[in-house]
file data.cif (mmCIF, C-alpha atoms)
data_data
#
loop_
_atom_site.label_atom_id
_atom_site.label_comp_id
_atom_site.auth_asym_id
_atom_site.auth_seq_id
_atom_site.Cartn_x
_atom_site.Cartn_y
_atom_site.Cartn_z
CA MET I 16 111.69 81.95 94.92
CA ARG I 17 108.85 80.79 92.69
CA PRO I 18 105.53 79.92 94.36
CA SER I 19 105.03 76.30 95.29
CA PRO I 20 102.51 74.37 93.23
CA VAL I 21 99.23 73.51 94.90
CA VAL I 22 99.62 70.30 96.89
CA ARG I 23 96.60 68.03 97.23
CA GLY I 24 95.75 67.00 100.78
CA ARG I 25 96.90 70.27 102.34
CA TRP I 26 94.61 72.26 104.60
CA ASN I 27 92.43 74.60 102.51
CA PRO I 28 90.40 76.67 105.02
CA SER I 29 87.70 79.21 104.29
CA VAL I 30 88.41 82.89 103.72
CA PRO I 31 87.35 83.90 107.28
CA VAL I 32 89.78 81.34 108.73
CA ARG I 33 92.58 82.64 106.49
CA LEU I 34 91.75 86.20 107.60
CA ALA I 35 91.91 85.16 111.25
CA LEU I 36 95.23 83.35 110.76
CA ALA I 37 96.90 86.28 108.97
CA GLY I 38 95.71 88.72 111.63
CA THR I 39 96.66 86.40 114.49
CA VAL I 40 100.24 86.03 113.27
CA ILE I 41 101.02 89.75 113.24
CA PHE I 42 99.02 90.26 116.45
CA THR I 43 101.07 87.56 118.23
CA LEU I 44 104.40 88.85 116.89
CA LEU I 45 103.59 92.35 118.14
CA VAL I 46 102.48 91.03 121.53
CA GLY I 47 105.90 89.39 121.86
CA ALA I 48 107.72 92.52 120.73
CA ASN I 49 106.03 94.52 123.50
CA LEU I 50 106.08 92.05 126.39
CA ALA I 51 109.14 93.83 127.77
CA THR I 52 107.45 97.20 128.43
CA PRO I 53 106.53 96.55 132.11
CA LEU I 54 109.65 94.42 132.61
CA TYR I 55 112.21 97.16 132.02
CA PRO I 56 112.39 98.22 135.72
CA LEU I 57 113.13 94.57 136.65
CA LEU I 58 115.69 94.25 133.87
CA GLN I 59 117.33 97.52 134.92
CA ALA I 60 117.70 96.22 138.46
CA ARG I 61 118.91 92.75 137.39
CA ILE I 62 121.29 93.71 134.59
CA GLY I 63 122.11 97.28 135.55
CA PHE I 64 121.34 100.07 133.06
CA ASP I 65 119.61 103.47 133.18
CA ALA I 66 116.87 105.28 131.21
CA VAL I 67 119.22 105.66 128.24
CA GLY I 68 119.68 101.88 128.25
CA VAL I 69 115.89 101.44 128.12
CA THR I 70 115.59 103.71 125.10
CA ILE I 71 118.57 101.99 123.42
CA ALA I 72 116.94 98.58 123.84
CA PHE I 73 113.61 99.90 122.60
CA SER I 74 115.17 101.78 119.68
CA ALA I 75 117.15 98.69 118.64
CA TYR I 76 113.83 96.96 118.02
CA VAL I 77 112.44 99.86 116.01
CA LEU I 78 115.59 100.42 113.95
CA ALA I 79 115.81 96.71 113.13
CA LEU I 80 112.14 96.84 112.20
CA VAL I 81 112.70 99.78 109.89
CA GLY I 82 115.76 98.14 108.32
CA GLY I 83 113.79 94.92 107.91
CA LEU I 84 110.96 96.75 106.17
CA VAL I 85 113.47 98.23 103.72
CA LEU I 86 115.10 94.86 103.05
CA PHE I 87 112.20 92.43 103.32
CA GLY I 88 108.96 94.41 103.30
CA HIS I 89 108.15 93.51 99.69
CA TRP I 90 109.20 89.86 99.85
CA SER I 91 105.70 88.45 100.34
CA ASP I 92 104.69 89.84 96.93
CA HIS I 93 107.28 87.51 95.39
CA ILE I 94 107.59 84.46 97.67
CA GLY I 95 103.98 84.33 98.83
CA ARG I 96 102.21 85.52 101.96
CA ARG I 97 102.39 82.18 103.77
CA ALA I 98 106.13 81.77 103.23
CA ALA I 99 106.81 85.26 104.57
CA LEU I 100 104.64 84.68 107.64
CA VAL I 101 106.41 81.39 108.41
CA LEU I 102 109.77 83.15 108.18
CA ALA I 103 108.51 85.94 110.47
CA VAL I 104 107.37 83.46 113.13
CA VAL I 105 110.70 81.61 113.08
CA VAL I 106 112.69 84.83 113.49
CA GLY I 107 110.28 85.93 116.23
CA LEU I 108 110.95 82.69 118.10
CA ALA I 109 114.68 83.36 117.92
CA GLY I 110 114.24 86.94 119.15
CA GLY I 111 112.16 85.91 122.14
CA LEU I 112 114.71 83.25 123.10
CA VAL I 113 117.64 85.69 122.97
CA PHE I 114 115.82 88.47 124.85
CA GLY I 115 114.29 86.18 127.46
CA THR I 116 117.67 84.70 128.40
CA ALA I 117 119.63 87.98 128.20
CA ASP I 118 122.05 88.86 131.01
CA SER I 119 123.55 91.99 129.44
CA LEU I 120 122.36 95.08 127.56
CA PRO I 121 124.01 94.00 124.26
CA GLN I 122 122.13 90.70 124.45
CA LEU I 123 118.88 92.56 125.09
CA VAL I 124 119.62 94.71 122.06
CA ALA I 125 120.27 91.60 119.94
CA GLY I 126 117.00 90.03 121.03
CA ARG I 127 115.08 93.20 120.35
CA GLY I 128 116.72 93.43 116.93
CA LEU I 129 115.53 89.93 115.99
CA GLN I 130 112.03 90.78 117.19
CA GLY I 131 112.09 93.88 115.00
CA LEU I 132 113.10 91.84 111.95
CA ALA I 133 110.28 89.37 112.64
CA VAL I 134 107.68 92.13 112.79
CA ALA I 135 109.14 93.72 109.65
CA ILE I 136 108.78 90.52 107.65
CA GLY I 137 105.30 89.85 108.99
CA THR I 138 103.87 93.39 108.71
CA GLY I 139 103.76 93.73 104.93
CA ALA I 140 102.83 90.07 104.48
CA SER I 141 99.92 90.23 106.91
CA ALA I 142 98.56 93.54 105.57
CA ALA I 143 98.81 92.32 101.99
CA ALA I 144 97.23 88.95 102.84
CA LEU I 145 94.24 90.68 104.44
CA ARG I 146 93.90 92.90 101.37
CA ASP I 147 94.13 89.89 99.03
CA LEU I 148 91.41 88.09 100.97
CA MET I 149 89.04 91.10 100.93
CA PRO I 150 89.47 92.60 97.45
CA SER I 151 85.98 94.12 97.42
CA LYS I 152 86.28 95.61 100.93
CA PRO I 153 89.60 97.48 101.06
CA GLU I 154 88.48 99.71 103.94
CA TRP I 155 87.71 96.74 106.16
CA ALA I 156 90.99 95.10 105.15
CA SER I 157 92.77 98.23 106.40
CA ARG I 158 90.70 98.20 109.59
CA PHE I 159 91.60 94.59 110.31
CA THR I 160 95.27 95.35 109.59
CA LEU I 161 95.33 98.24 112.06
CA LEU I 162 93.22 96.34 114.60
CA SER I 163 95.64 93.39 114.53
CA SER I 164 98.76 95.55 114.73
CA SER I 165 97.49 98.12 117.26
CA GLY I 166 95.83 95.37 119.28
CA GLY I 167 99.05 93.37 119.46
CA VAL I 168 101.07 96.39 120.53
CA ALA I 169 98.45 97.24 123.17
CA ALA I 170 98.14 93.69 124.50
CA GLY I 171 101.90 93.20 124.83
CA PRO I 172 102.46 95.33 127.96
CA VAL I 173 99.33 93.93 129.66
CA VAL I 174 100.28 90.32 128.94
CA GLY I 175 103.89 90.99 129.92
CA GLY I 176 102.82 92.49 133.24
CA LEU I 177 100.52 89.58 134.07
CA LEU I 178 103.00 86.86 133.05
CA SER I 179 105.76 88.56 135.04
CA LEU I 180 103.90 87.47 138.17
CA LEU I 181 105.01 83.91 137.39
CA PRO I 182 108.32 82.58 138.76
CA ARG I 183 111.38 83.82 136.84
CA HIS I 184 109.63 87.12 136.22
CA THR I 185 111.60 88.31 133.19
CA GLN I 186 111.77 84.95 131.43
CA ALA I 187 108.31 83.44 131.91
CA PRO I 188 106.55 85.84 129.50
CA PHE I 189 108.88 84.84 126.67
CA VAL I 190 108.61 81.13 127.39
CA VAL I 191 104.81 81.28 127.16
CA HIS I 192 104.96 83.44 124.04
CA SER I 193 107.42 81.09 122.34
CA VAL I 194 105.06 78.16 122.92
CA ILE I 195 102.22 80.11 121.29
CA LEU I 196 104.40 81.04 118.29
CA GLY I 197 105.41 77.39 117.93
CA LEU I 198 101.76 76.36 117.87
CA LEU I 199 101.03 78.99 115.21
CA LEU I 200 103.60 77.36 112.93
CA ILE I 201 101.44 74.23 112.68
CA PRO I 202 98.50 75.74 110.75
CA LEU I 203 100.87 77.90 108.71
CA LEU I 204 102.88 74.90 107.56
CA LEU I 205 99.75 72.86 106.80
CA LEU I 206 98.05 75.69 104.92
CA ASP I 207 97.45 75.29 101.19
CA ALA I 208 99.17 78.54 100.24
CA ARG I 209 97.86 80.74 97.47
CA PRO I 210 100.33 81.59 94.70
CA ALA I 211 102.54 84.65 95.06
CA ILE I 212 100.94 87.69 93.46
CA ASN I 213 104.12 88.75 91.65
CA PRO I 214 106.48 85.74 91.50
CA ALA I 215 110.02 86.17 90.26
CA PRO I 216 110.79 84.50 86.93
CA ALA I 217 113.23 81.60 87.05
CA GLY I 218 116.73 82.87 87.79
CA GLN I 219 115.54 86.38 88.73
CA GLY I 220 114.84 85.81 92.43
CA ARG I 221 117.82 87.85 93.65
CA ASN I 222 116.84 90.86 91.54
CA TYR I 223 113.24 90.74 92.68
CA LEU I 224 114.10 90.43 96.38
CA ARG I 225 116.64 93.23 96.58
CA PRO I 226 115.56 96.41 98.42
CA ARG I 227 113.34 98.69 96.38
CA VAL I 228 112.10 102.24 96.62
CA PRO I 229 108.33 102.18 96.11
CA ALA I 230 107.19 103.89 92.93
CA LEU I 231 104.05 105.94 93.42
CA ALA I 232 101.91 107.74 90.90
CA ARG I 233 102.22 111.52 91.28
CA ALA I 234 98.59 111.79 92.39
CA ALA I 235 99.21 109.34 95.25
CA ARG I 236 102.36 110.94 96.66
CA GLY I 237 100.57 113.53 98.78
CA THR I 238 98.37 110.80 100.25
CA PHE I 239 101.44 108.68 100.99
CA TRP I 240 103.34 111.44 102.78
CA LEU I 241 100.35 112.58 104.81
CA ALA I 242 99.87 108.98 106.01
CA ALA I 243 103.58 108.54 106.72
CA ALA I 244 103.87 111.84 108.62
CA THR I 245 100.71 111.11 110.62
CA GLY I 246 102.15 107.70 111.45
CA PHE I 247 105.50 109.20 112.48
CA VAL I 248 103.94 111.66 114.92
CA SER I 249 101.40 109.27 116.39
CA PHE I 250 103.91 106.44 116.80
CA ALA I 251 106.21 108.83 118.64
CA VAL I 252 103.45 108.86 121.28
CA PHE I 253 103.23 105.06 121.12
CA GLY I 254 107.00 104.80 121.52
CA PHE I 255 106.81 106.89 124.66
CA CYS I 256 104.01 104.68 126.02
CA LEU I 257 106.07 101.55 125.41
CA SER I 258 109.43 102.72 126.79
CA LEU I 259 109.61 105.51 129.37
CA ALA I 260 105.91 105.89 130.17
CA PRO I 261 105.79 103.02 132.71
CA GLY I 262 108.13 104.93 135.02
CA TYR I 263 106.26 108.18 134.38
CA PHE I 264 102.89 106.56 135.03
CA ALA I 265 104.17 104.85 138.18
CA ASN I 266 105.17 108.25 139.60
CA ILE I 267 101.71 109.69 138.92
CA MET I 268 99.85 106.65 140.26
CA HIS I 269 102.23 106.12 143.21
CA ALA I 270 102.20 102.41 142.36
CA ASP I 271 104.71 99.77 141.32
CA SER I 272 102.32 96.98 140.26
CA ARG I 273 103.61 95.58 136.96
CA PRO I 274 100.15 94.53 135.70
CA LEU I 275 98.75 97.99 136.52
CA ILE I 276 101.64 99.81 134.86
CA GLY I 277 101.41 97.52 131.83
CA LEU I 278 97.70 98.26 131.60
CA LEU I 279 98.26 102.02 131.79
CA ALA I 280 100.95 101.85 129.12
CA ALA I 281 98.49 99.99 126.89
CA VAL I 282 95.50 102.31 127.29
CA THR I 283 96.39 104.62 124.40
CA LEU I 284 97.22 101.74 122.07
CA ALA I 285 94.15 99.75 123.07
CA CYS I 286 91.87 102.72 122.35
CA SER I 287 93.56 103.15 118.99
CA ALA I 288 92.86 99.50 118.22
CA LEU I 289 89.25 99.68 119.39
CA SER I 290 88.63 102.79 117.30
CA GLN I 291 89.04 100.60 114.21
CA LEU I 292 85.71 98.98 115.11
CA LEU I 293 83.89 102.32 115.22
CA SER I 294 82.26 103.46 112.00
CA LEU I 295 83.32 107.06 112.40
CA ARG I 296 82.99 108.94 109.12
CA GLY I 297 83.20 112.47 107.80
CA ARG I 298 85.66 114.35 105.65
CA TRP I 299 86.98 116.26 108.67
CA LEU I 300 87.81 113.10 110.63
CA VAL I 301 91.57 113.31 109.97
CA PRO I 302 92.11 116.90 111.19
CA ALA I 303 89.75 116.31 114.13
CA GLY I 304 91.63 113.15 115.14
CA LEU I 305 94.99 114.88 114.87
CA ALA I 306 93.78 117.84 116.93
CA LEU I 307 92.48 115.48 119.61
CA LEU I 308 95.80 113.63 119.67
CA GLY I 309 97.77 116.87 120.05
CA VAL I 310 95.63 118.18 122.91
CA SER I 311 95.69 114.79 124.63
CA VAL I 312 99.49 114.61 124.62
CA LEU I 313 99.66 118.02 126.29
CA LEU I 314 97.18 116.78 128.91
CA ILE I 315 99.33 113.68 129.57
CA ALA I 316 102.21 116.02 130.38
CA ALA I 317 99.90 118.16 132.53
CA ALA I 318 98.76 115.04 134.43
CA GLY I 319 102.31 114.55 135.63
CA ALA I 320 102.68 118.14 136.75
CA LEU I 321 99.33 117.98 138.56
CA GLU I 322 99.85 114.38 139.76
CA SER I 323 96.36 113.57 138.51
CA PRO I 324 95.70 109.87 137.73
CA VAL I 325 92.21 110.70 136.42
CA LEU I 326 93.54 113.23 133.92
CA LEU I 327 96.24 110.76 132.88
CA VAL I 328 93.73 108.01 132.09
CA LEU I 329 91.29 110.31 130.28
CA ALA I 330 94.06 111.89 128.20
CA SER I 331 95.48 108.47 127.32
CA ILE I 332 92.06 107.31 126.14
CA SER I 333 91.43 110.38 124.01
CA ALA I 334 94.94 110.20 122.52
CA GLY I 335 94.28 106.64 121.34
CA LEU I 336 90.88 107.49 119.88
CA GLY I 337 92.24 110.52 118.03
CA GLN I 338 95.24 108.63 116.65
CA GLY I 339 93.17 105.62 115.61
CA ALA I 340 90.56 107.66 113.76
CA ALA I 341 93.08 109.82 111.88
CA PHE I 342 95.54 107.07 110.99
CA ARG I 343 92.81 104.68 109.80
CA VAL I 344 91.60 107.16 107.20
CA VAL I 345 95.01 108.13 105.82
CA PHE I 346 96.20 104.50 105.89
CA ASN I 347 93.11 103.39 103.97
CA ASP I 348 93.63 106.17 101.42
CA VAL I 349 97.15 104.91 100.69
CA ALA I 350 96.02 101.28 100.49
CA ALA I 351 93.26 102.22 98.04
CA ALA I 352 95.67 104.17 95.84
CA VAL I 353 98.11 101.27 95.30
CA GLU I 354 97.70 98.38 92.88
CA PRO I 355 97.69 94.91 94.50
CA ALA I 356 101.05 93.85 92.99
CA ARG I 357 102.86 96.56 94.99
CA HIS I 358 100.65 96.63 98.07
CA ALA I 359 103.09 95.02 100.53
CA GLN I 360 105.93 97.17 99.22
CA VAL I 361 104.12 100.50 99.62
CA ILE I 362 102.48 99.66 102.96
CA SER I 363 105.91 98.63 104.25
CA ALA I 364 107.23 102.02 103.12
CA VAL I 365 104.51 103.78 105.13
CA TYR I 366 105.52 101.74 108.16
CA ILE I 367 109.21 102.59 107.64
CA VAL I 368 108.49 106.27 108.26
CA THR I 369 105.88 105.46 110.91
CA TYR I 370 108.14 103.27 113.02
CA LEU I 371 110.99 105.76 112.83
CA GLY I 372 108.64 107.98 114.81
CA SER I 373 108.58 105.48 117.65
CA ALA I 374 112.39 105.36 117.83
CA LEU I 375 114.05 108.70 117.09
CA PRO I 376 111.99 111.04 119.32
CA VAL I 377 111.99 108.52 122.17
CA LEU I 378 115.76 108.07 121.96
CA GLY I 379 116.13 111.84 122.32
CA LEU I 380 113.64 111.78 125.19
CA GLY I 381 115.70 109.17 127.03
CA MET I 382 118.80 111.36 126.76
CA ALA I 383 116.83 114.41 127.90
CA VAL I 384 115.67 112.58 131.04
CA LYS I 385 119.29 112.27 132.22
CA VAL I 386 119.77 116.04 131.92
CA TRP I 387 116.41 117.60 132.88
CA GLY I 388 114.52 114.83 134.66
CA LEU I 389 111.40 112.91 133.65
CA GLN I 390 108.63 115.51 134.07
CA ALA I 391 110.44 118.35 132.29
CA SER I 392 111.47 116.00 129.47
CA VAL I 393 107.93 114.67 128.97
CA THR I 394 106.65 118.25 128.77
CA GLY I 395 109.38 119.10 126.27
CA PHE I 396 108.36 116.02 124.27
CA ALA I 397 104.64 116.84 124.32
CA ILE I 398 104.88 120.39 123.00
CA PRO I 399 106.52 119.63 119.61
CA ILE I 400 104.24 116.61 119.18
CA ALA I 401 101.21 118.86 119.68
CA VAL I 402 102.62 121.42 117.23
CA ALA I 403 103.24 118.69 114.64
CA CYS I 404 99.65 117.46 115.06
CA ALA I 405 98.38 121.00 114.47
CA VAL I 406 100.47 121.38 111.31
CA LEU I 407 99.31 118.02 109.93
CA ALA I 408 95.69 118.89 110.76
CA ALA I 409 96.10 122.12 108.77
CA VAL I 410 97.56 120.17 105.83
CA ALA I 411 94.65 117.73 105.96
CA CYS I 412 92.15 120.61 105.99
CA ARG I 413 93.82 122.14 102.96
CA ARG I 414 93.62 118.84 101.07
CA ILE I 415 89.93 118.52 101.96
CA ARG I 416 89.14 122.03 100.70
CA ARG I 417 91.13 121.43 97.50
CA ALA I 418 89.28 118.17 96.86
CA ALA I 419 85.94 119.93 97.42
CA VAL I 420 86.86 122.61 94.85
CA VAL I 421 87.91 119.99 92.28
CA SER I 422 84.73 117.94 92.76
CA SER I 423 82.54 121.02 92.38
#
call {"tool": "encode", "arguments": {"input": "data.cif", "output": "C-alpha cells"}}
result
Amino acid sequence: MRPSPVVRGRWNPSVPVRLALAGTVIFTLLVGANLATPLYPLLQARIGFDAVGVTIAFSAYVLALVGGLVLFGHWSDHIGRRAALVLAVVVGLAGGLVFGTADSLPQLVAGRGLQGLAVAIGTGASAAALRDLMPSKPEWASRFTLLSSSGGVAAGPVVGGLLSLLPRHTQAPFVVHSVILGLLLIPLLLLDARPAINPAPAGQGRNYLRPRVPALARAARGTFWLAAATGFVSFAVFGFCLSLAPGYFANIMHADSRPLIGLLAAVTLACSALSQLLSLRGRWLVPAGLALLGVSVLLIAAAGALESPVLLVLASISAGLGQGAAFRVVFNDVAAAVEPARHAQVISAVYIVTYLGSALPVLGLGMAVKVWGLQASVTGFAIPIAVACAVLAAVACRRIRRAAVVSS
C-alpha cells in the first residue's frame, strides 16, 4: 500500500493535462452510471418489472455508492490518486458489462451496484486530485469537481438515449461506454503517478485502509452539515430526474422519444453543471439558490397538473441553476476547511449524505406511485423538498448574520 517509486520513462504530463485526465475519469464513470435513465421503459418491457423495480435498480446504485464511499472513499489518500482511479475504471467496466447483459432484475441490481462502487472509489480520488493540482485555487478546484460530476450525471441520460437508437438498444450504450473506459486506462497506466499524500507505513496498510469516520474541527462541523444537508435535498431532486422523471416527463410532453426524454431528464443536472462556470458571488447566494430550488420543484409538480411542457422546461432549468449555485458555495466552504491529508476522506463523507438523498426519497416515491399514481406522488414529493429548502435557506441566513456580527 506504499506509493510506487518514480519510474523513469513514464508519461509525465503537464498540470492542465493531469487536471483534464482526473476530471475525465469521474465524468466518464458518471456518464456510464446514468446511461440507463432513458432505457428503463425498454428494460421494463423486456425483463418485466414495474416502477418499484426501477427505483430498486436505481437505489441499488446509490446504496452501493454510499457503502463504497464509507469503505473506500479515503483510499486515494493512502494508495495514491492514480491507483484509486485505475481501480475505479476497472470496477466500472465490470459494472457496465453486468448491467448491459442483464436479463433479470437481480442482475440489473448487481450491475448497478458495481457501477456505484466504481463511482465511490473515483469520487474522492478525483476531487482530491483536482485539489492537489490546484493548491492555490481551491475554489476553482471545487468548481471543476462539481462540473465533472454534475456534467457526467447530466450527460448520461442524453448519451444513453442517443446510443439506444443503435441496434440492440439496451446493450449498445454500454458497449460503447466500455470501449471508452478501456481507452482511458491507457493514459492512467502510463502516467507517472505522484506519491500518495498520506502513505501507510510498512505493515500498516490494513489499519490505514479500514473505514474511518472523518474527524472535523468543531468550527468546521456546521459547514460540513450544511453542505451535506444541502446535498441530500438537492440530490433527491436529481434522483427523481434520473429514475421516475422520464415517465413523468413523457406524460407531460406526450412523447416517447428516448433521446428527447433523456434530454429532459438531464436539463436540471446540465444547468447545475453549467452554473459552475458562472462567477456568481454574494453572501446571500446559498439561501437564494435554495429558495430558487424549492420554488422550482413545486413548479415541476405544477407542470404535470397543468400539462405544460414550457413550465416543465423552465422549472427544470431554474432548479438546476439554484442547486448548482448553492451547492458550489457550501461544497467549497467544506473543501477549504479541511487539511489536504484528509481531503478525500471528508469530501467522501459529504457525498455519503448527499447520495443518500438520491436514493431514500426516490425509493419512497416509487412505492407511493403504486398507491396514489404518478402525479399525486410527484406533488407529495415536491412539497417536503420545498419545505426542506426553505429551512436550509433560513439556516444559511442565520449563519451569514452570525458571521457578519463576529466580523464587525
call {"tool": "closest_residue", "arguments": {"input": "data.cif", "among": "I:Ala419, I:Ala117, I:Ala403, I:Ala103", "to": "Leu241 of chain I", "atoms": "all atoms listed in the file"}}
result
I:Ala403
call {"tool": "residues_around", "arguments": {"input": "data.cif", "residues": "Gly107 of chain I", "least_positions_apart": "5", "cutoff": "8 Å", "atoms": "only C-alpha atoms", "output": "JSON list (two decimals) with C-alpha atoms, in the frame of the given file"}}
result
[["chain", "number", "residue", "atom", "x", "y", "z"],
["I", 44, "LEU", "CA", 104.40, 88.85, 116.89],
["I", 47, "GLY", "CA", 105.90, 89.39, 121.86],
["I", 129, "LEU", "CA", 115.53, 89.93, 115.99],
["I", 130, "GLN", "CA", 112.03, 90.78, 117.19],
["I", 132, "LEU", "CA", 113.10, 91.84, 111.95],
["I", 133, "ALA", "CA", 110.28, 89.37, 112.64],
["I", 134, "VAL", "CA", 107.68, 92.13, 112.79],
["I", 196, "LEU", "CA", 104.40, 81.04, 118.29]]
call {"tool": "atom_distance", "arguments": {"input": "data.cif", "atom1": "atom CA of Leu177 of chain I", "atom2": "atom CA of Gln59 of chain I"}}
result
18.6 Å
call {"tool": "residues_around", "arguments": {"input": "data.cif", "residues": "Lys152 of chain I", "least_positions_apart": "6", "cutoff": "12 Å", "atoms": "only C-alpha atoms", "output": "list in words"}}
result
Leu145, Arg146, Arg158, Phe159, Asn347, Ala350 and Ala351 of chain I
call {"tool": "atom_distance", "arguments": {"input": "data.cif", "atom1": "atom CA of Ser91 of chain I", "atom2": "atom CA of Ser141 of chain I"}}
result
8.9 Å
call {"tool": "residues_around", "arguments": {"input": "data.cif", "residues": "Ala306 of chain I", "least_positions_apart": "2", "cutoff": "12 Å", "atoms": "only C-alpha atoms", "output": "PDB file with C-alpha atoms, keeping the file's coordinate frame"}}
result
ATOM      1  CA  THR I 245     100.710 111.110 110.620  1.00  0.00           C
ATOM      2  CA  SER I 249     101.400 109.270 116.390  1.00  0.00           C
ATOM      3  CA  TRP I 299      86.980 116.260 108.670  1.00  0.00           C
ATOM      4  CA  LEU I 300      87.810 113.100 110.630  1.00  0.00           C
ATOM      5  CA  VAL I 301      91.570 113.310 109.970  1.00  0.00           C
ATOM      6  CA  PRO I 302      92.110 116.900 111.190  1.00  0.00           C
ATOM      7  CA  ALA I 303      89.750 116.310 114.130  1.00  0.00           C
ATOM      8  CA  GLY I 304      91.630 113.150 115.140  1.00  0.00           C
ATOM      9  CA  LEU I 308      95.800 113.630 119.670  1.00  0.00           C
ATOM     10  CA  GLY I 309      97.770 116.870 120.050  1.00  0.00           C
ATOM     11  CA  VAL I 310      95.630 118.180 122.910  1.00  0.00           C
ATOM     12  CA  SER I 311      95.690 114.790 124.630  1.00  0.00           C
ATOM     13  CA  VAL I 312      99.490 114.610 124.620  1.00  0.00           C
ATOM     14  CA  LEU I 313      99.660 118.020 126.290  1.00  0.00           C
ATOM     15  CA  SER I 333      91.430 110.380 124.010  1.00  0.00           C
ATOM     16  CA  ALA I 334      94.940 110.200 122.520  1.00  0.00           C
ATOM     17  CA  LEU I 336      90.880 107.490 119.880  1.00  0.00           C
ATOM     18  CA  GLY I 337      92.240 110.520 118.030  1.00  0.00           C
ATOM     19  CA  GLN I 338      95.240 108.630 116.650  1.00  0.00           C
ATOM     20  CA  ALA I 340      90.560 107.660 113.760  1.00  0.00           C
ATOM     21  CA  ALA I 341      93.080 109.820 111.880  1.00  0.00           C
ATOM     22  CA  ILE I 400     104.240 116.610 119.180  1.00  0.00           C
ATOM     23  CA  ALA I 401     101.210 118.860 119.680  1.00  0.00           C
ATOM     24  CA  VAL I 402     102.620 121.420 117.230  1.00  0.00           C
ATOM     25  CA  ALA I 403     103.240 118.690 114.640  1.00  0.00           C
ATOM     26  CA  CYS I 404      99.650 117.460 115.060  1.00  0.00           C
ATOM     27  CA  ALA I 405      98.380 121.000 114.470  1.00  0.00           C
ATOM     28  CA  VAL I 406     100.470 121.380 111.310  1.00  0.00           C
ATOM     29  CA  LEU I 407      99.310 118.020 109.930  1.00  0.00           C
ATOM     30  CA  ALA I 408      95.690 118.890 110.760  1.00  0.00           C
ATOM     31  CA  ALA I 409      96.100 122.120 108.770  1.00  0.00           C
ATOM     32  CA  VAL I 410      97.560 120.170 105.830  1.00  0.00           C
ATOM     33  CA  ALA I 411      94.650 117.730 105.960  1.00  0.00           C
ATOM     34  CA  CYS I 412      92.150 120.610 105.990  1.00  0.00           C
TER      35      CYS I 412
END
call {"tool": "closest_residue", "arguments": {"input": "data.cif", "among": "I:Val325, I:Val40, I:Ala391, I:Ala418", "to": "Ala142 of chain I", "atoms": "all atoms listed in the file"}}
result
I:Val40
call {"tool": "atom_distance", "arguments": {"input": "data.cif", "atom1": "atom CA of Thr238 of chain I", "atom2": "atom CA of His93 of chain I"}}
result
25.4 Å
call {"tool": "closest_residue", "arguments": {"input": "data.cif", "among": "I:Pro324, I:Gly111, I:Gly395, I:Gly372", "to": "Ala243 of chain I", "atoms": "all atoms listed in the file"}}
result
I:Gly372
call {"tool": "closest_residue", "arguments": {"input": "data.cif", "among": "I:Ala317, I:Ala208, I:Ile71, I:Ala244", "to": "Leu305 of chain I", "atoms": "only C-alpha atoms"}}
result
I:Ala244
call {"tool": "resolve_selection", "arguments": {"input": "data.cif", "expression": "the PyMOL selection byres ((chain I and resi 75) around 12)", "output": "JSON list (two decimals) with C-alpha atoms, in the frame of the given file"}}
result
[["chain", "number", "residue", "atom", "x", "y", "z"],
["I", 48, "ALA", "CA", 107.72, 92.52, 120.73],
["I", 68, "GLY", "CA", 119.68, 101.88, 128.25],
["I", 69, "VAL", "CA", 115.89, 101.44, 128.12],
["I", 70, "THR", "CA", 115.59, 103.71, 125.10],
["I", 71, "ILE", "CA", 118.57, 101.99, 123.42],
["I", 72, "ALA", "CA", 116.94, 98.58, 123.84],
["I", 73, "PHE", "CA", 113.61, 99.90, 122.60],
["I", 74, "SER", "CA", 115.17, 101.78, 119.68],
["I", 76, "TYR", "CA", 113.83, 96.96, 118.02],
["I", 77, "VAL", "CA", 112.44, 99.86, 116.01],
["I", 78, "LEU", "CA", 115.59, 100.42, 113.95],
["I", 79, "ALA", "CA", 115.81, 96.71, 113.13],
["I", 80, "LEU", "CA", 112.14, 96.84, 112.20],
["I", 81, "VAL", "CA", 112.70, 99.78, 109.89],
["I", 82, "GLY", "CA", 115.76, 98.14, 108.32],
["I", 83, "GLY", "CA", 113.79, 94.92, 107.91],
["I", 120, "LEU", "CA", 122.36, 95.08, 127.56],
["I", 121, "PRO", "CA", 124.01, 94.00, 124.26],
["I", 122, "GLN", "CA", 122.13, 90.70, 124.45],
["I", 123, "LEU", "CA", 118.88, 92.56, 125.09],
["I", 124, "VAL", "CA", 119.62, 94.71, 122.06],
["I", 125, "ALA", "CA", 120.27, 91.60, 119.94],
["I", 126, "GLY", "CA", 117.00, 90.03, 121.03],
["I", 127, "ARG", "CA", 115.08, 93.20, 120.35],
["I", 128, "GLY", "CA", 116.72, 93.43, 116.93],
["I", 129, "LEU", "CA", 115.53, 89.93, 115.99],
["I", 130, "GLN", "CA", 112.03, 90.78, 117.19],
["I", 131, "GLY", "CA", 112.09, 93.88, 115.00],
["I", 132, "LEU", "CA", 113.10, 91.84, 111.95],
["I", 258, "SER", "CA", 109.43, 102.72, 126.79],
["I", 370, "TYR", "CA", 108.14, 103.27, 113.02],
["I", 371, "LEU", "CA", 110.99, 105.76, 112.83],
["I", 373, "SER", "CA", 108.58, 105.48, 117.65],
["I", 374, "ALA", "CA", 112.39, 105.36, 117.83],
["I", 375, "LEU", "CA", 114.05, 108.70, 117.09],
["I", 377, "VAL", "CA", 111.99, 108.52, 122.17],
["I", 378, "LEU", "CA", 115.76, 108.07, 121.96]]
call {"tool": "closest_residue", "arguments": {"input": "data.cif", "among": "I:Met268, I:Val368, I:Val345, I:Val190", "to": "Phe114 of chain I", "atoms": "all atoms listed in the file"}}
result
I:Val190
call {"tool": "residues_around", "arguments": {"input": "data.cif", "residues": "Arg273 of chain I", "least_positions_apart": "2", "cutoff": "9 Å", "atoms": "all atoms listed in the file", "output": "ChimeraX atom specification"}}
result
/I:53-54,173,175-177,179-180,261,270-271,275-278
